[in-house]
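Dropping start_0.cif in here (mmCIF, C-alpha atoms):
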data_input
loop_
_atom_site.group_PDB
_atom_site.id
_atom_site.type_symbol
_atom_site.label_atom_id
_atom_site.label_comp_id
_atom_site.auth_asym_id
_atom_site.auth_seq_id
_atom_site.Cartn_x
_atom_site.Cartn_y
_atom_site.Cartn_z
ATOM 1 C CA MET A 1136 33.945 -28.698 -21.465
ATOM 2 C CA PRO A 1137 32.760 -25.375 -20.035
ATOM 3 C CA VAL A 1138 35.372 -23.040 -18.694
ATOM 4 C CA GLN A 1139 34.879 -22.016 -15.093
ATOM 5 C CA ARG A 1140 35.676 -18.450 -14.345
ATOM 6 C CA ASP A 1141 36.854 -17.211 -11.013
ATOM 7 C CA ALA A 1142 34.396 -14.798 -9.514
ATOM 8 C CA GLY A 1143 37.280 -12.922 -7.976
ATOM 9 C CA PRO A 1144 37.932 -12.210 -4.359
ATOM 10 C CA ALA A 1145 35.080 -11.572 -1.981
ATOM 11 C CA ALA A 1146 34.391 -7.927 -1.318
ATOM 12 C CA PRO A 1147 36.241 -6.639 1.725
ATOM 13 C CA ALA A 1148 34.038 -6.114 4.775
ATOM 14 C CA ASP A 1149 34.431 -2.350 4.539
ATOM 15 C CA ALA A 1150 33.142 -2.404 0.928
ATOM 16 C CA LEU A 1151 29.808 -3.927 1.947
ATOM 17 C CA PRO A 1152 26.915 -1.483 2.114
ATOM 18 C CA SER A 1153 26.533 0.019 5.562
ATOM 19 C CA SER A 1154 23.150 0.386 7.182
ATOM 20 C CA GLU A 1155 23.534 4.148 6.620
ATOM 21 C CA ALA A 1156 23.538 3.532 2.866
ATOM 22 C CA LEU A 1157 20.334 1.501 3.007
ATOM 23 C CA PRO A 1158 16.942 3.220 2.856
ATOM 24 C CA PHE A 1159 15.145 3.625 6.168
ATOM 25 C CA TRP A 1160 12.454 1.035 5.380
ATOM 26 C CA LYS A 1161 15.145 -1.644 5.124
ATOM 27 C CA VAL A 1162 16.788 -0.886 8.455
ATOM 28 C CA LYS A 1163 13.996 0.384 10.720
ATOM 29 C CA SER A 1164 10.995 -1.404 12.114
ATOM 30 C CA LEU A 1165 7.630 0.257 11.653
ATOM 31 C CA GLU A 1166 7.791 1.317 15.305
ATOM 32 C CA GLU A 1167 11.187 2.996 14.862
ATOM 33 C CA MET A 1168 10.113 5.232 11.983
ATOM 34 C CA THR A 1169 9.623 8.958 12.340
ATOM 35 C CA THR A 1170 6.233 10.390 11.476
ATOM 36 C CA SER A 1171 7.631 11.618 8.166
ATOM 37 C CA GLU A 1172 9.099 8.202 7.318
ATOM 38 C CA TRP A 1173 5.854 6.473 8.303
ATOM 39 C CA GLU A 1174 3.732 8.742 6.137
ATOM 40 C CA SER A 1175 6.093 8.300 3.175
ATOM 41 C CA LEU A 1176 5.514 4.525 3.265
ATOM 42 C CA CYS A 1177 2.047 5.182 1.880
ATOM 43 C CA ASP A 1178 2.392 4.729 -1.880
ATOM 44 C CA GLY A 1179 -0.781 6.707 -2.606
ATOM 45 C CA CYS A 1180 -2.717 3.828 -4.160
ATOM 46 C CA ALA A 1181 -5.830 4.492 -2.005
ATOM 47 C CA ARG A 1182 -6.850 0.826 -2.107
ATOM 48 C CA CYS A 1183 -7.309 0.987 1.659
ATOM 49 C CA CYS A 1184 -9.932 3.708 1.086
ATOM 50 C CA LEU A 1185 -12.206 1.321 -0.789
ATOM 51 C CA ASN A 1186 -15.220 -0.121 0.970
ATOM 52 C CA LYS A 1187 -14.969 -3.796 1.709
ATOM 53 C CA LEU A 1188 -17.695 -6.318 2.434
ATOM 54 C CA GLU A 1189 -17.315 -9.178 4.894
ATOM 55 C CA ASP A 1190 -19.229 -12.439 4.701
ATOM 56 C CA TRP A 1191 -20.647 -12.880 8.208
ATOM 57 C CA ASP A 1192 -20.477 -16.682 7.980
ATOM 58 C CA THR A 1193 -17.002 -17.191 6.507
ATOM 59 C CA GLY A 1194 -15.213 -13.954 7.389
ATOM 60 C CA GLU A 1195 -14.181 -13.611 3.726
ATOM 61 C CA ILE A 1196 -13.561 -10.021 2.708
ATOM 62 C CA VAL A 1197 -14.252 -8.744 -0.795
ATOM 63 C CA TRP A 1198 -13.401 -5.369 -2.262
ATOM 64 C CA THR A 1199 -15.749 -2.925 -3.905
ATOM 65 C CA ALA A 1200 -15.053 -0.060 -6.294
ATOM 66 C CA ILE A 1201 -16.844 2.204 -3.845
ATOM 67 C CA ALA A 1202 -14.486 4.721 -2.280
ATOM 68 C CA CYS A 1203 -14.723 6.682 0.922
ATOM 69 C CA GLU A 1204 -16.577 9.927 0.409
ATOM 70 C CA LEU A 1205 -13.423 11.860 1.363
ATOM 71 C CA LEU A 1206 -11.263 10.280 -1.327
ATOM 72 C CA ASP A 1207 -10.241 12.434 -4.281
ATOM 73 C CA ASP A 1208 -10.420 9.875 -7.096
ATOM 74 C CA ASP A 1209 -7.941 11.765 -9.293
ATOM 75 C CA SER A 1210 -5.141 12.288 -6.776
ATOM 76 C CA CYS A 1211 -5.932 9.224 -4.611
ATOM 77 C CA ARG A 1212 -5.548 11.391 -1.518
ATOM 78 C CA CYS A 1213 -7.899 12.000 1.373
ATOM 79 C CA GLY A 1214 -9.755 15.277 1.092
ATOM 80 C CA ASP A 1215 -9.550 15.836 4.867
ATOM 81 C CA TYR A 1216 -6.736 13.625 6.132
ATOM 82 C CA PRO A 1217 -6.256 15.350 9.536
ATOM 83 C CA ASN A 1218 -9.970 14.985 10.386
ATOM 84 C CA ARG A 1219 -10.765 11.743 8.563
ATOM 85 C CA THR A 1220 -11.531 9.634 11.637
ATOM 86 C CA THR A 1221 -13.907 12.267 12.981
ATOM 87 C CA ARG A 1222 -15.714 12.759 9.679
ATOM 88 C CA VAL A 1223 -15.709 9.041 8.809
ATOM 89 C CA PRO A 1224 -16.032 7.142 12.095
ATOM 90 C CA ASP A 1225 -15.282 3.747 10.523
ATOM 91 C CA CYS A 1226 -12.012 4.994 8.996
ATOM 92 C CA ILE A 1227 -9.217 2.837 10.403
ATOM 93 C CA PRO A 1228 -5.982 4.769 10.824
ATOM 94 C CA LEU A 1229 -2.928 2.653 10.155
ATOM 95 C CA ASP A 1230 -0.350 2.104 12.842
ATOM 96 C CA PRO A 1231 2.173 -0.735 13.237
ATOM 97 C CA HIS A 1232 -0.313 -2.924 15.129
ATOM 98 C CA ALA A 1233 -3.097 -2.366 12.585
ATOM 99 C CA VAL A 1234 -0.754 -3.069 9.666
ATOM 100 C CA ARG A 1235 0.175 -6.425 11.201
ATOM 101 C CA THR A 1236 -3.403 -7.459 11.989
ATOM 102 C CA LEU A 1237 -5.624 -6.124 9.188
ATOM 103 C CA THR A 1238 -6.156 -8.927 6.707
ATOM 104 C CA TRP A 1239 -7.517 -6.684 3.984
ATOM 105 C CA LEU A 1240 -4.455 -4.533 3.330
ATOM 106 C CA PRO A 1241 -3.509 -5.192 -0.295
ATOM 107 C CA ALA A 1242 -0.412 -7.259 -1.032
ATOM 108 C CA THR A 1243 1.075 -4.174 -2.707
ATOM 109 C CA CYS A 1244 0.732 -1.940 0.389
ATOM 110 C CA GLY A 1245 4.053 -0.397 1.415
ATOM 111 C CA TYR A 1246 3.205 -0.748 5.097
ATOM 112 C CA ARG A 1247 2.359 -4.426 4.697
ATOM 113 C CA LEU A 1248 5.452 -5.134 2.605
ATOM 114 C CA VAL A 1249 7.787 -3.592 5.185
ATOM 115 C CA ALA A 1250 5.979 -5.326 8.074
ATOM 116 C CA GLU A 1251 6.493 -8.650 6.268
ATOM 117 C CA GLY A 1252 10.186 -7.935 5.686
ATOM 118 C CA ARG A 1253 9.750 -7.506 1.935
ATOM 119 C CA ASP A 1254 10.968 -4.670 -0.264
ATOM 120 C CA LEU A 1255 8.872 -1.988 -1.909
ATOM 121 C CA TYR A 1256 7.858 -2.390 -5.555
ATOM 122 C CA TRP A 1257 9.450 -0.307 -8.306
ATOM 123 C CA TRP A 1258 6.394 1.932 -8.585
ATOM 124 C CA HIS A 1259 6.537 3.068 -4.957
ATOM 125 C CA PRO A 1260 7.465 6.775 -4.868
ATOM 126 C CA LEU A 1261 10.271 6.062 -2.379
ATOM 127 C CA VAL A 1262 11.862 3.742 -4.956
ATOM 128 C CA SER A 1263 10.977 5.513 -8.196
ATOM 129 C CA GLY A 1264 11.348 9.050 -6.889
ATOM 130 C CA ASP A 1265 8.102 9.956 -8.651
ATOM 131 C CA ALA A 1266 4.603 10.040 -7.117
ATOM 132 C CA GLU A 1267 3.086 9.355 -10.552
ATOM 133 C CA THR A 1268 4.541 5.851 -10.999
ATOM 134 C CA ILE A 1269 1.844 4.417 -8.726
ATOM 135 C CA HIS A 1270 -0.730 5.559 -11.297
ATOM 136 C CA GLU A 1271 1.370 4.594 -14.325
ATOM 137 C CA ALA A 1272 1.767 1.057 -12.959
ATOM 138 C CA GLY A 1273 -2.000 0.668 -12.633
ATOM 139 C CA ILE A 1274 -1.842 0.191 -8.869
ATOM 140 C CA SER A 1275 -3.830 3.219 -7.766
ATOM 141 C CA VAL A 1276 -7.612 3.419 -7.689
ATOM 142 C CA SER A 1277 -7.557 6.582 -9.809
ATOM 143 C CA GLY A 1278 -10.414 6.604 -12.318
ATOM 144 C CA ARG A 1279 -11.852 3.295 -11.087
ATOM 145 C CA THR A 1280 -14.099 4.280 -8.204
ATOM 146 C CA VAL A 1281 -17.477 5.715 -7.337
ATOM 147 C CA SER A 1282 -18.084 7.654 -4.138
ATOM 148 C CA GLU A 1283 -19.941 6.012 -1.302
ATOM 149 C CA ALA A 1284 -21.985 9.228 -1.105
ATOM 150 C CA ASP A 1285 -23.671 8.189 -4.368
ATOM 151 C CA ILE A 1286 -24.418 4.521 -3.567
ATOM 152 C CA PRO A 1287 -26.961 3.108 -1.116
ATOM 153 C CA VAL A 1288 -25.406 0.459 1.165
ATOM 154 C CA GLU A 1289 -27.835 -2.198 -0.101
ATOM 155 C CA GLU A 1290 -26.291 -1.816 -3.583
ATOM 156 C CA TYR A 1291 -22.638 -2.296 -2.507
ATOM 157 C CA GLU A 1292 -22.670 -5.934 -3.670
ATOM 158 C CA ASP A 1293 -23.223 -4.665 -7.225
ATOM 159 C CA PHE A 1294 -19.755 -3.050 -7.090
ATOM 160 C CA VAL A 1295 -17.604 -6.013 -5.975
ATOM 161 C CA VAL A 1296 -14.235 -6.088 -7.795
ATOM 162 C CA THR A 1297 -11.107 -8.257 -7.588
ATOM 163 C CA TRP A 1298 -8.411 -5.887 -8.893
ATOM 164 C CA PRO A 1299 -7.519 -4.304 -5.517
ATOM 165 C CA GLY A 1300 -6.104 -7.623 -4.358
ATOM 166 C CA GLU A 1301 -4.142 -8.302 -7.528
ATOM 167 C CA LEU A 1302 -0.759 -7.299 -8.852
ATOM 168 C CA PRO A 1303 -0.661 -5.639 -12.279
ATOM 169 C CA GLU A 1304 0.480 -7.698 -15.230
ATOM 170 C CA GLY A 1305 4.063 -7.269 -16.308
#

Is it possible to give me this structure as structure tokens?
Amino acid sequence: MPVQRDAGPAAPADALPSSEALPFWKVKSLEEMTTSEWESLCDGCARCCLNKLEDWDTGEIVWTAIACELLDDDSCRCGDYPNRTTRVPDCIPLDPHAVRTLTWLPATCGYRLVAEGRDLYWWHPLVSGDAETIHEAGISVSGRTVSEADIPVEEYEDFVVTWPGELPEG
């Protein structure tokens, strides 16, 4: 017969983690975050900077490996972040409302995860403490894109990919 072990007494209330000990993304809503906190939620994957195609009949959205012309493929950062919406008029800046309504944000997106009440993945720089883990985990678009400046719009369908919507193996 198995021996049951006592788990011991419950932790006293004052030993439970306080909200001050928890990271900001676990205790603040998207609306409550400072600009610095908001910006740090971006994991640097640049999946949102990929061009997407929408089927006019079904509304289905598919990803392409075609990146915004401002995206630096190596760093996965915008080459002109402060002026991106002026230079690229169809660039959609993320805010709490957009995060909750855009259906194409990848399942790995830090903004989406927090909006859905889920935690950040281990590769997120806020968790790992290292901006390179996003690349090491295979989440970023680094080395997988072509610039929209080089591709005529009528050829976008030739660049449809599924990996932006997937989690990495392991």

Quick one: pull the distance between atom CA of A:Val1295 and atom CA of A:Trp1198, Å, one decimal. 5.6 Å

Would you compute the distance between atom CA of A:Glu1271 and atom CA of A:Thr1297? Give it in Å to one decimal. 19.1 Å

Test item: the PyMOL selection byres ((chain A and resi 1187) around 6) resolved as a list in words: Asn1186, Leu1188, Val1197, Trp1198 and Thr1199 of chain A

For A:Ile1196, which residue among A:Phe1294, A:Trp1257, A:Tyr1246, A:Trp1239 is the nearest when counting all atoms listed in the file? A:Trp1239

Closest pair table for stretch 1196-1297 of chain A residues within 8 Å of stretch 1154-1168 of chain A, only C-alpha atoms, as a tab-separated table:
residue	atom	partner	partner_atom	distance
A:Pro1231	CA	A:Leu1165	CA	5.8
A:Tyr1246	CA	A:Leu1165	CA	8.0
A:Val1249	CA	A:Trp1160	CA	6.6
A:Ala1250	CA	A:Leu1165	CA	6.8
A:Asp1254	CA	A:Lys1161	CA	7.5

With distances taken over only C-alpha atoms, which residue among A:Ile1201, A:Asp1190, A:Asp1265, A:Thr1221 lies nearest A:Pro1287?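 Of A:Ile1201, A:Asp1190, A:Asp1265, A:Thr1221, the one nearest A:Pro1287 is A:Ile1201, counting only C-alpha atoms.
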
Report, in Å to a single decimal, how far apart atom CA of A:Gly1273 and atom CA of A:Asp1209 are.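 Atom CA of A:Asp1209 sits 13.0 Å away from atom CA of A:Gly1273.
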
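Those residues that approach A:Asp1215 to within 12 Å, counting all atoms listed in the file, are Cys1203, Glu1204, Leu1205, Leu1206, Asp1207, Thr1221, Arg1222, Val1223 and Cys1226 of chain A; same-chain residues fewer than 6 positions away are not listed.
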
Chain and number of each residue from the PyMOL selection byres ((chain A and resi 1228) around 12), as a list in words: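 Listing what the PyMOL selection byres ((chain A and resi 1228) around 12) selects in the shown file: Glu1174, Cys1183, Cys1184, Tyr1216, Pro1217, Asn1218, Arg1219, Thr1220, Thr1221, Val1223, Pro1224, Asp1225, Cys1226, Ile1227, Leu1229, Asp1230, Pro1231, His1232, Ala1233, Val1234 and Leu1237 of chain A.
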
Using all atoms listed in the file, can you tell me which of A:Arg1182, A:Thr1193, A:Ala1242, A:Ala1200 comes closest to A:Ser1282?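 With all atoms listed in the file as the atom set, the closest residue is A:Ala1200.
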
Shell of 12 Å around A:Thr1243, all atoms listed in the file, local chain residues under 4 positions omitted, as number ranges by chain: A: 1176-1183, 1239, 1247-1251, 1253-1259, 1269, 1272-1275, 1298-1303

Please rebuild stretch 1161-1193 of chain A with N, CA and C atoms and return the result as a compact mmCIF listing (two decimals), keeping the file's coordinate frame.
# COMPACT_ATOMS: atom_id res chain seq x y z
N LYS A 1161 14.41 -0.38 5.07
CA LYS A 1161 15.14 -1.64 5.12
C LYS A 1161 15.88 -1.83 6.45
N VAL A 1162 16.02 -0.78 7.21
CA VAL A 1162 16.79 -0.89 8.46
C VAL A 1162 15.97 -0.57 9.71
N LYS A 1163 14.81 0.04 9.56
CA LYS A 1163 14.00 0.38 10.72
C LYS A 1163 12.73 -0.46 10.75
N SER A 1164 12.31 -0.77 11.97
CA SER A 1164 11.00 -1.40 12.11
C SER A 1164 9.94 -0.31 11.95
N LEU A 1165 8.71 -0.72 11.77
CA LEU A 1165 7.63 0.26 11.65
C LEU A 1165 7.58 1.15 12.90
N GLU A 1166 7.84 0.57 14.06
CA GLU A 1166 7.79 1.32 15.30
C GLU A 1166 8.92 2.34 15.42
N GLU A 1167 10.03 2.11 14.77
CA GLU A 1167 11.19 3.00 14.86
C GLU A 1167 11.11 4.19 13.91
N MET A 1168 10.18 4.18 12.99
CA MET A 1168 10.11 5.23 11.98
C MET A 1168 9.61 6.55 12.56
N THR A 1169 10.14 7.64 12.00
CA THR A 1169 9.62 8.96 12.34
C THR A 1169 8.25 9.12 11.69
N THR A 1170 7.53 10.12 12.09
CA THR A 1170 6.23 10.39 11.48
C THR A 1170 6.38 10.61 9.98
N SER A 1171 7.39 11.35 9.58
CA SER A 1171 7.63 11.62 8.17
C SER A 1171 7.94 10.32 7.40
N GLU A 1172 8.78 9.48 7.97
CA GLU A 1172 9.10 8.20 7.32
C GLU A 1172 7.85 7.34 7.21
N TRP A 1173 7.08 7.27 8.29
CA TRP A 1173 5.85 6.47 8.30
C TRP A 1173 4.91 6.94 7.20
N GLU A 1174 4.66 8.21 7.14
CA GLU A 1174 3.73 8.74 6.14
C GLU A 1174 4.24 8.48 4.72
N SER A 1175 5.55 8.52 4.52
CA SER A 1175 6.09 8.30 3.18
C SER A 1175 5.99 6.84 2.73
N LEU A 1176 5.71 5.93 3.65
CA LEU A 1176 5.51 4.53 3.26
C LEU A 1176 4.22 4.33 2.48
N CYS A 1177 3.29 5.26 2.66
CA CYS A 1177 2.05 5.18 1.88
C CYS A 1177 2.39 5.47 0.43
N ASP A 1178 2.07 4.54 -0.46
CA ASP A 1178 2.39 4.73 -1.88
C ASP A 1178 1.36 5.57 -2.62
N GLY A 1179 0.24 5.88 -1.97
CA GLY A 1179 -0.78 6.71 -2.61
C GLY A 1179 -1.72 5.93 -3.51
N CYS A 1180 -1.83 4.62 -3.31
CA CYS A 1180 -2.72 3.83 -4.16
C CYS A 1180 -4.18 4.02 -3.81
N ALA A 1181 -4.47 4.28 -2.55
CA ALA A 1181 -5.83 4.49 -2.00
C ALA A 1181 -6.68 3.23 -2.01
N ARG A 1182 -6.08 2.07 -2.18
CA ARG A 1182 -6.85 0.83 -2.11
C ARG A 1182 -7.45 0.62 -0.73
N CYS A 1183 -6.78 1.13 0.30
CA CYS A 1183 -7.31 0.99 1.66
C CYS A 1183 -8.54 1.86 1.86
N CYS A 1184 -8.78 2.81 0.98
CA CYS A 1184 -9.93 3.71 1.09
C CYS A 1184 -11.17 3.16 0.38
N LEU A 1185 -11.05 1.96 -0.16
CA LEU A 1185 -12.21 1.32 -0.79
C LEU A 1185 -13.04 0.62 0.27
N ASN A 1186 -14.34 0.61 0.07
CA ASN A 1186 -15.22 -0.12 0.97
C ASN A 1186 -15.07 -1.61 0.70
N LYS A 1187 -15.08 -2.35 1.78
CA LYS A 1187 -14.97 -3.80 1.71
C LYS A 1187 -16.20 -4.41 2.34
N LEU A 1188 -16.56 -5.59 1.87
CA LEU A 1188 -17.70 -6.32 2.43
C LEU A 1188 -17.17 -7.60 3.07
N GLU A 1189 -17.73 -7.96 4.22
CA GLU A 1189 -17.32 -9.18 4.89
C GLU A 1189 -18.49 -10.14 4.96
N ASP A 1190 -18.23 -11.39 4.58
CA ASP A 1190 -19.23 -12.44 4.70
C ASP A 1190 -19.31 -12.82 6.18
N TRP A 1191 -20.48 -12.65 6.77
CA TRP A 1191 -20.65 -12.88 8.21
C TRP A 1191 -20.39 -14.34 8.58
N ASP A 1192 -20.65 -15.26 7.67
CA ASP A 1192 -20.48 -16.68 7.98
C ASP A 1192 -19.04 -17.14 7.84
N THR A 1193 -18.35 -16.69 6.79
CA THR A 1193 -17.00 -17.19 6.51
C THR A 1193 -15.89 -16.23 6.90
